[in-house]
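Visitor: Let me give you the structure first, and then I'll get to my questions.
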Amino acid sequence: MPLCIRIEGRVAKPVIVCDHCGEEISARQGNYQWRVTSQGEPLDQVVFYTHKRCCRAFEANNRGDHRWCANDLDCLPLYLANNLGVDTESAKQKAEMIASFG
Ligand SMILES: [Zn+2]
C-alpha cells in the first residue's frame, strides 16, 4: 500500500512508501515504476514506488516475464496534476485553507 495516510498530531498527511523497504520516500529520492511486456506494452495498470537505492533490489525480487520501467518520483505530481486537470492555484489555496484549520 504505497500511497498512505500518516497522522501527525491532528493532520492527516498523505505519503508514499517504498514497495521494497517500507520507508517513506521523499520526491528526489524516489522512482515510480511499472511493468511492461517484452513488446513494451503495459503489463497491468499497477504503479509501484521505490527509493532509488531500492530500485534494483525491488526489480530483482520481482522478476517475471516482464521488464521494468521507472521514472523520477518528483515528476509524478506534475504529470498527475496535468492528467487530472488540476487548477494548481485553486488547489494550493484550498490546501492552505484546510491546513489552517489545523
Ligand atoms: Zn526503499
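For the C-alpha cells, the naming scheme is as follows: chains receive sequential letters (A, B, ...) according to their order of presentation, residues are indexed from 1 within each chain, and ligands are indexed from 1 in presentation order.
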Report as CSV: every residue of chain A with an atom at most 6 Å from ligand 1, its closest pair of atoms, and their distance in Å to one decimal, counting only C-alpha atoms and all ligand atoms, with rows sorted by chain and ascending residue number.

Guide:
```
residue,atom,partner,partner_atom_place_in_ligand_line,distance
A:Cys18,CA,ligand 1,1 (Zn),4.6
A:His20,CA,ligand 1,1 (Zn),5.1
A:Cys21,CA,ligand 1,1 (Zn),4.1
A:Glu23,CA,ligand 1,1 (Zn),5.8
A:Thr50,CA,ligand 1,1 (Zn),5.3
A:His51,CA,ligand 1,1 (Zn),4.3
A:Cys54,CA,ligand 1,1 (Zn),4.7
```

Visitor: For Trp68 of chain A, find every residue with an atom within 10 Å (counting only C-alpha atoms), except residues of its own chain fewer than 6 positions away, and show them as number ranges by chain.

Guide: A: 33-38, 40, 42-43, 55-56, 59, 62

Visitor: Where in segment 12-81 of chain A does DSSP assign strand (DSSP E), given as a ChimeraX atom specification?

Guide: /A:12-16,30-36,48-51,67-72

Visitor: Among segment 13-100 of chain A, which residues does DSSP mark as alpha helix (DSSP H) when it is run on the backbone? Keep the chain and numbering as in the structure and answer as an MDAnalysis selection string.

Guide: chainID A and resid 55:61 76:84 88:100

Visitor: Please identify all polymer residues within 8 Å of Leu3 of chain A, counting only C-alpha atoms, omitting same-chain residues fewer than 2 positions from it, and present them as a PyMOL selection string.

Guide: chain A and resi 1+5+14-17

Visitor: Could those residues be written to a file, using N, CA, C and O atoms, as a short mmCIF file (atom, residue, chain, number, x, y, z; two decimals), in the first residue's frame?

Guide:
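Just written: result-v8.cif:
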```cif
data_model
loop_
_atom_site.label_atom_id
_atom_site.label_comp_id
_atom_site.auth_asym_id
_atom_site.auth_seq_id
_atom_site.Cartn_x
_atom_site.Cartn_y
_atom_site.Cartn_z
N MET A 1 0.85 -1.18 0.00
CA MET A 1 0.00 0.00 0.00
C MET A 1 0.89 1.24 0.00
O MET A 1 1.10 1.86 1.02
N ILE A 5 -1.77 7.28 4.39
CA ILE A 5 -2.01 8.44 5.24
C ILE A 5 -1.25 8.23 6.55
O ILE A 5 -1.40 7.19 7.19
N PRO A 14 -0.75 12.70 3.52
CA PRO A 14 -0.51 11.66 2.51
C PRO A 14 0.98 11.51 2.24
O PRO A 14 1.69 12.52 2.09
N VAL A 15 1.44 10.28 2.21
CA VAL A 15 2.86 10.00 1.95
C VAL A 15 2.96 8.81 0.99
O VAL A 15 2.00 8.04 0.83
N ILE A 16 4.12 8.67 0.38
CA ILE A 16 4.40 7.50 -0.45
C ILE A 16 5.46 6.67 0.24
O ILE A 16 6.48 7.20 0.70
N VAL A 17 5.21 5.37 0.29
CA VAL A 17 6.08 4.43 1.00
C VAL A 17 6.72 3.49 -0.03
O VAL A 17 6.07 3.06 -0.98
#
```

Visitor: Smallest atom-to-atom distance to Cys69 of chain A: which of A:Tyr32, A:Lys52, A:Val46, A:Ser100, using only C-alpha atoms?

Guide: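 The answer is A:Tyr32, which sits nearest to Cys69 of chain A.
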
Visitor: For the atom pair atom CA of Ala91 of chain A and atom CA of Ala27 of chain A, what is the interatomic distance in Å to one decimal place?

Guide: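 These atoms are spaced 19.4 Å apart.
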
Visitor: Of the candidates A:Gln93, A:Asn31, A:Ser26, A:Thr88, which shows the shortest atom-to-atom distance to Phe58 of chain A, using only C-alpha atoms?

Guide: A:Asn31
